[in-house]
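Dropping work.cif in here (mmCIF, C-alpha atoms):
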data_work
#
loop_
_atom_site.label_atom_id
_atom_site.label_comp_id
_atom_site.auth_asym_id
_atom_site.auth_seq_id
_atom_site.Cartn_x
_atom_site.Cartn_y
_atom_site.Cartn_z
CA MET A 1 -41.54 216.26 305.12
CA ARG A 2 -44.13 216.13 307.89
CA PRO A 3 -42.99 214.17 310.97
CA ARG A 4 -45.95 211.80 310.81
CA CYS A 5 -45.12 210.84 307.19
CA PHE A 6 -41.48 209.99 307.91
CA PRO A 7 -42.11 206.49 309.38
CA LEU A 8 -44.19 205.55 306.31
CA ALA A 9 -41.41 206.64 303.95
CA LEU A 10 -38.80 204.73 305.94
CA PHE A 11 -40.97 201.60 305.90
CA ALA A 12 -41.37 201.88 302.11
CA CYS A 13 -37.58 202.03 301.70
CA PHE A 14 -37.13 198.82 303.68
CA LEU A 15 -39.73 197.10 301.49
CA CYS A 16 -37.81 198.11 298.36
CA LEU A 17 -34.56 196.78 299.79
CA GLY A 18 -36.16 193.48 300.61
CA GLN A 19 -37.53 192.92 297.12
CA SER A 20 -36.24 189.83 295.31
CA TYR A 21 -34.55 189.97 291.94
CA THR A 22 -34.52 187.51 289.07
CA LEU A 23 -31.34 187.16 286.99
CA ARG A 24 -31.77 185.71 283.52
CA SER A 25 -29.21 184.74 280.93
CA SER A 26 -30.23 183.43 277.53
CA VAL A 27 -26.75 182.09 276.82
CA SER A 28 -26.34 179.78 279.82
CA TRP A 29 -27.70 176.25 279.88
CA VAL A 30 -29.08 174.67 283.01
CA VAL A 31 -27.07 171.58 283.94
CA SER A 32 -29.42 168.78 284.83
CA SER A 33 -28.53 165.93 287.16
CA ASN A 34 -29.87 163.44 284.64
CA ASP A 35 -27.72 161.81 282.01
CA VAL A 36 -28.15 162.92 278.42
CA ASP A 37 -29.51 159.49 277.51
CA ASP A 38 -32.66 160.14 279.55
CA ALA A 39 -33.77 163.16 277.53
CA ASP A 40 -36.62 163.12 275.03
CA LEU A 41 -34.94 165.13 272.31
CA SER A 42 -36.84 164.06 269.25
CA GLU A 43 -36.75 166.01 265.99
CA GLU A 44 -40.05 167.63 267.01
CA VAL A 45 -38.84 168.72 270.45
CA ALA A 46 -35.23 169.77 269.89
CA PRO A 47 -35.73 172.71 267.47
CA ALA A 48 -38.08 174.40 269.94
CA LEU A 49 -35.49 174.02 272.67
CA LEU A 50 -32.87 175.65 270.48
CA VAL A 51 -35.12 178.67 269.94
CA ASP A 52 -36.15 179.07 273.57
CA GLY A 53 -33.95 181.79 275.04
CA ALA A 54 -35.88 182.62 278.20
CA GLY A 55 -36.18 180.88 281.48
CA LEU A 56 -33.21 178.58 280.94
CA TRP A 57 -31.15 180.01 283.77
CA LYS A 58 -32.80 181.73 286.72
CA ALA A 59 -31.57 182.66 290.14
CA ASN A 60 -33.68 184.37 292.78
CA VAL A 61 -31.56 186.46 295.08
CA LEU A 62 -32.80 187.73 298.42
CA GLY A 63 -30.08 188.94 300.70
CA ASP A 64 -27.53 186.10 300.84
CA GLY A 65 -29.99 183.38 299.80
CA ILE A 66 -29.68 181.94 296.31
CA GLU A 67 -32.10 179.59 294.63
CA THR A 68 -30.18 177.33 292.28
CA PRO A 69 -31.26 176.72 288.67
CA ARG A 70 -32.20 173.15 289.57
CA GLU A 71 -34.44 174.31 292.42
CA GLN A 72 -36.00 176.98 290.22
CA ALA A 73 -36.73 174.46 287.46
CA LYS A 74 -38.30 172.08 289.97
CA ALA A 75 -40.42 174.82 291.50
CA GLU A 76 -41.72 175.99 288.15
CA GLY A 77 -42.09 172.54 286.64
CA ASP A 78 -40.40 173.76 283.49
CA ALA A 79 -39.99 170.58 281.44
CA ALA A 80 -38.60 172.41 278.41
CA ALA A 81 -35.78 173.92 280.42
CA ARG A 82 -34.84 170.52 281.80
CA GLN A 83 -34.79 169.02 278.31
CA SER A 84 -32.71 171.87 276.91
CA SER A 85 -30.17 171.32 279.66
CA ARG A 86 -29.60 167.77 278.49
CA LEU A 87 -29.36 168.86 274.87
CA PHE A 88 -26.05 170.64 275.48
CA SER A 89 -24.68 169.28 278.75
CA TYR A 90 -23.68 166.00 280.34
CA ARG A 91 -22.00 164.59 283.40
CA ILE A 92 -18.26 165.15 283.18
CA GLU A 93 -17.50 162.06 285.25
CA LYS A 94 -19.32 159.93 282.70
CA VAL A 95 -16.80 160.97 280.05
CA LYS A 96 -13.68 161.18 282.19
CA LYS A 97 -14.14 157.87 283.99
CA ALA A 98 -11.17 156.38 282.11
CA GLY A 99 -8.85 158.64 284.11
CA SER A 100 -7.23 162.03 283.86
CA SER A 101 -4.56 162.95 281.34
CA GLY A 102 -1.80 163.11 283.96
CA ALA A 103 1.36 165.17 283.58
CA PRO A 104 2.44 166.15 280.07
CA PRO A 105 5.51 164.50 278.52
CA PRO A 106 8.96 166.14 278.78
CA HIS A 107 9.18 169.04 276.33
CA GLN A 108 12.12 167.37 274.54
CA GLU A 109 9.78 164.59 273.37
CA THR A 110 8.10 166.73 270.76
CA ALA A 111 6.21 164.04 268.84
CA ARG A 112 4.84 162.56 272.06
CA THR A 113 3.89 166.02 273.30
CA ALA A 114 1.99 166.67 270.08
CA ARG A 115 0.10 163.40 270.42
CA TYR A 116 -0.59 164.15 274.09
CA ILE A 117 -2.15 167.54 273.29
CA ALA A 118 -4.11 166.19 270.32
CA HIS A 119 -5.51 163.30 272.35
CA TYR A 120 -6.47 165.06 275.56
CA SER A 121 -7.94 168.17 273.94
CA ASP A 122 -11.72 168.11 273.71
CA TRP A 123 -11.95 171.09 271.38
CA GLY A 124 -9.84 173.20 269.09
CA HIS A 125 -9.83 176.29 266.88
CA LEU A 126 -10.24 175.52 263.17
CA ALA A 127 -9.11 178.14 260.65
CA THR A 128 -10.39 178.11 257.07
CA ILE A 129 -10.44 180.44 254.07
CA SER A 130 -13.80 182.19 254.26
CA THR A 131 -16.52 182.17 251.63
CA LEU A 132 -18.57 184.83 253.43
CA ASP A 133 -19.16 187.82 251.17
CA LYS A 134 -17.57 190.51 253.33
CA ILE A 135 -14.44 188.48 254.16
CA LYS A 136 -14.21 186.21 251.13
CA GLY A 137 -10.68 184.86 250.80
CA LEU A 138 -9.70 185.94 254.33
CA PRO A 139 -9.02 183.66 257.32
CA PHE A 140 -12.02 182.63 259.41
CA GLY A 141 -11.77 180.77 262.74
CA ASN A 142 -14.32 178.62 264.52
CA ILE A 143 -14.43 176.35 267.56
CA PHE A 144 -15.09 172.62 267.14
CA SER A 145 -15.35 169.67 269.47
CA VAL A 146 -12.89 167.00 268.40
CA SER A 147 -11.57 163.56 269.26
CA ASP A 148 -8.74 161.34 268.07
CA GLY A 149 -10.37 158.33 269.70
CA PRO A 150 -11.76 157.16 273.03
CA LEU A 151 -9.66 158.08 276.06
CA ASP A 152 -7.97 154.67 276.09
CA ASN A 153 -7.37 154.52 272.32
CA SER A 154 -5.49 157.42 270.73
CA THR A 155 -5.05 157.32 266.95
CA GLY A 156 -3.70 160.82 266.26
CA VAL A 157 -6.38 161.22 263.57
CA ILE A 158 -8.65 164.15 264.46
CA TYR A 159 -12.37 163.54 263.95
CA PHE A 160 -15.15 166.13 263.72
CA TYR A 161 -18.96 166.02 263.83
CA VAL A 162 -20.26 168.87 261.68
CA THR A 163 -23.34 170.21 259.93
CA PRO A 164 -23.66 171.76 256.44
CA MET A 165 -25.38 174.67 258.16
CA ASP A 166 -22.00 175.78 259.58
CA ASN A 167 -20.11 178.51 257.70
CA THR A 168 -16.87 176.58 258.21
CA VAL A 169 -18.26 173.57 256.35
CA ALA A 170 -19.21 175.87 253.47
CA ASP A 171 -15.62 177.14 253.47
CA LEU A 172 -14.29 173.58 253.33
CA LYS A 173 -16.39 172.80 250.27
CA SER A 174 -14.59 175.63 248.48
CA ASN A 175 -11.13 174.95 249.95
CA PRO A 176 -10.75 171.74 251.98
CA TYR A 177 -7.48 172.73 253.65
CA ALA A 178 -7.55 174.02 257.22
CA SER A 179 -5.44 174.47 260.36
CA LEU A 180 -6.54 173.21 263.77
CA THR A 181 -4.94 174.77 266.86
CA PHE A 182 -4.91 173.37 270.40
CA SER A 183 -3.55 174.95 273.57
CA GLU A 184 -2.36 173.23 276.69
CA ALA A 185 -4.15 176.06 278.49
CA GLU A 186 -7.35 174.06 277.99
CA GLY A 187 -6.30 171.76 280.82
CA GLU A 188 -5.04 172.38 284.33
CA PHE A 189 -1.26 172.22 283.74
CA CYS A 190 -0.68 175.83 282.64
CA ARG A 191 -2.90 177.18 285.42
CA GLN A 192 -1.09 175.10 288.03
CA MET A 193 2.27 176.32 286.73
CA MET A 194 0.91 179.88 286.40
CA TYR A 195 1.87 179.98 282.72
CA ASP A 196 0.11 182.54 280.57
CA PRO A 197 -1.49 180.89 277.48
CA GLU A 198 1.05 182.74 275.32
CA ASP A 199 3.99 181.53 277.41
CA PRO A 200 6.03 179.14 275.18
CA ARG A 201 6.09 176.64 278.05
CA CYS A 202 2.30 176.41 277.80
CA ALA A 203 2.39 174.25 274.70
CA ARG A 204 0.36 174.96 271.61
CA LEU A 205 -0.12 172.63 268.65
CA THR A 206 -1.30 173.45 265.14
CA LEU A 207 -2.24 170.63 262.78
CA THR A 208 -2.66 171.54 259.12
CA GLY A 209 -4.23 169.27 256.57
CA LYS A 210 -7.08 168.42 254.23
CA MET A 211 -10.54 167.99 255.71
CA VAL A 212 -12.33 164.98 254.23
CA GLU A 213 -15.58 163.21 254.94
CA VAL A 214 -15.19 159.94 256.81
CA LEU A 215 -15.73 156.91 254.57
CA PRO A 216 -18.38 154.27 255.44
CA GLU A 217 -15.81 151.68 256.59
CA GLU A 218 -14.48 154.17 259.17
CA LEU A 219 -17.81 155.57 260.38
CA ALA A 220 -18.21 153.18 263.30
CA PHE A 221 -14.90 154.22 264.83
CA ALA A 222 -15.49 157.92 264.12
CA LYS A 223 -18.83 157.68 265.91
CA GLU A 224 -17.25 155.92 268.88
CA ALA A 225 -14.43 158.45 268.99
CA MET A 226 -16.74 161.48 269.03
CA PHE A 227 -19.68 160.20 271.04
CA SER A 228 -17.55 158.62 273.77
CA ARG A 229 -15.90 161.99 274.39
CA HIS A 230 -18.95 164.15 273.60
CA PRO A 231 -21.98 161.95 274.41
CA VAL A 232 -24.47 164.79 274.10
CA MET A 233 -23.83 164.87 270.34
CA ALA A 234 -25.85 161.70 269.93
CA LYS A 235 -28.98 163.70 270.80
CA TRP A 236 -28.45 166.67 268.52
CA PRO A 237 -31.29 167.33 266.00
CA VAL A 238 -30.99 165.02 263.01
CA GLY A 239 -32.54 167.69 260.79
CA HIS A 240 -29.21 169.51 260.83
CA LYS A 241 -27.75 166.63 258.78
CA TRP A 242 -24.69 166.08 260.95
CA PHE A 243 -21.86 164.05 259.44
CA PHE A 244 -18.30 163.03 260.33
CA MET A 245 -15.12 164.54 258.96
CA LYS A 246 -11.42 164.02 259.71
CA MET A 247 -8.18 165.81 258.94
CA ASP A 248 -5.57 164.21 256.66
CA LEU A 249 -2.40 165.74 258.07
CA VAL A 250 0.13 167.69 256.02
CA GLN A 251 2.06 169.45 258.78
CA VAL A 252 2.47 169.20 262.57
CA TRP A 253 3.62 172.46 264.22
CA LEU A 254 4.46 172.56 267.93
CA GLN A 255 5.75 175.10 270.39
CA ASP A 256 6.28 173.64 273.85
CA TRP A 257 9.40 175.46 275.11
CA VAL A 258 11.42 178.64 274.71
CA GLY A 259 13.83 179.01 271.83
CA GLY A 260 11.78 178.16 268.76
CA VAL A 261 9.21 175.78 267.34
CA SER A 262 9.24 172.19 266.11
CA LEU A 263 8.02 170.95 262.74
CA ILE A 264 7.38 167.29 263.47
CA PRO A 265 7.38 164.84 260.56
CA VAL A 266 3.92 163.36 260.13
CA GLU A 267 5.28 159.81 260.33
CA ASP A 268 6.98 160.60 263.67
CA TYR A 269 3.72 162.07 264.96
CA PHE A 270 1.83 158.84 264.22
CA LYS A 271 4.60 156.63 265.62
CA ALA A 272 4.47 158.40 268.99
CA THR A 273 1.98 157.70 271.78
CA PRO A 274 0.42 160.10 274.29
CA PHE A 275 0.36 157.55 277.11
#

What would you get if you wrote out this structure as structure tokens?
Amino acid sequence: MRPRCFPLALFACFLCLGQSYTLRSSVSWVVSSNDVDDADLSEEVAPALLVDGAGLWKANVLGDGIETPREQAKAEGDAAARQSSRLFSYRIEKVKKAGSSGAPPPHQETARTARYIAHYSDWGHLATISTLDKIKGLPFGNIFSVSDGPLDNSTGVIYFYVTPMDNTVADLKSNPYASLTFSEAEGEFCRQMMYDPEDPRCARLTLTGKMVEVLPEELAFAKEAMFSRHPVMAKWPVGHKWFFMKMDLVQVWLQDWVGGVSLIPVEDYFKATPF
């Protein structure tokens, strides 16, 4: 290289290093500072937000400087991104204001431990017998948000808010029996104790029963149970024909310590309290 061209090449390299980059992820939702109740998520608006996979999460990186998603949204004036954030997110403190779950019960109190896990779990893994062509008759698992009541009112009855568009709901029409599994690893206890999720001391609970649609006389409580714990659900698109289901229990299976599992009688489960 000629000596007089070297400074120009060096200058070009510095320009390349100083270029900003944009990171995009179509699977992350921007968390808005506004409550979910403020969003305009009508039936006309919401489907478009569900389809939009670009521009929802952006971060401009230049050296050590990072522009947050909120700042990016404000700079671009992207109203759709702000609305989509409120479609699937909400302020945690708004839901948890009734207080934290506190320490779990002693492992010897198995029925109370089961109620504790069922009440303070916000989601679980539901296993059904699949109706999908390639795995028909085989187990199929799916994640669902759940609630057994508002934080200050545990019933032990697990409620769901589901749509017929979900493959799991199609499975339940063919075979209404399912198993719902919770793990204490969802909370902070196992992390604080440095228990692996498969450690028997990190309790796991499996409830097995028949999934049934909630009857009209119970709808008001089911709605309160789900929407008080998952307020964003109230704004989900009505065109998906959401409805409430619950599990009529047949078996309560718990492992919360070394040395075996506990099969808790259903009546003992309902007699216990998580508080």

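Applied to the file shown here, the PyMOL selection byres ((chain A and resi 108-113) around 7) selects Pro104, Pro105, Pro106, His107, Ala114, Arg115, Tyr116, Ile117, Ile264, Asp268, Tyr269, Ala272, Thr273 and Pro274 of chain A.
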
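Candidate residues A:Ile143, A:Trp236, A:Met226, A:Ala118 were compared for distance to A:Trp253, and the nearest is A:Ala118, using all atoms listed in the file.
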
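Neighbours of A:Ile158 closer than or equal to 6 Å, with all atoms listed in the file counted and sequence neighbours fewer than 3 positions away skipped, come out as Ser147, Asp148, Lys246 and Met247 of chain A.
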
Identify, on the basis of all atoms listed in the file, every residue whose closest approach to stretch 202-207 of chain A does not exceed 9 Å; exclude the query and any residue fewer than 6 positions from it along the same chain; express the result as a PyMOL selection string.
chain A and resi 107+113-114+117-118+178-185+189-190+193+195-196+247+249-257

List the residues matched by the PyMOL selection byres ((chain A and resi 130) around 10) in the displayed structure as a list in words, ordered by chain and then by residue number.
Ala127, Thr128, Ile129, Thr131, Leu132, Asp133, Lys134, Ile135, Lys136, Gly137, Leu138, Pro139, Phe140, Gly141, Asn167, Thr168, Val169, Ala170, Asp171, Leu172, Ser174 and Asn175 of chain A

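Take the candidates A:Val162, A:Phe275, A:Pro176, A:Met211 and check each one against A:Pro237 using all atoms listed in the file; the shortest distance goes to A:Val162.
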
Test item: residues at most 9 Å from A:Phe243, only C-alpha atoms, excluding those fewer than 3 positions along its chain, as a VMD selection string
chain A and resid 160 to 164 213 to 214

Rounded to one decimal, what separation in Å do you get between atom CA of A:Thr208 and atom CA of A:Asp248?
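About the pair atom CA of A:Thr208 and atom CA of A:Asp248: they are 8.3 Å apart.
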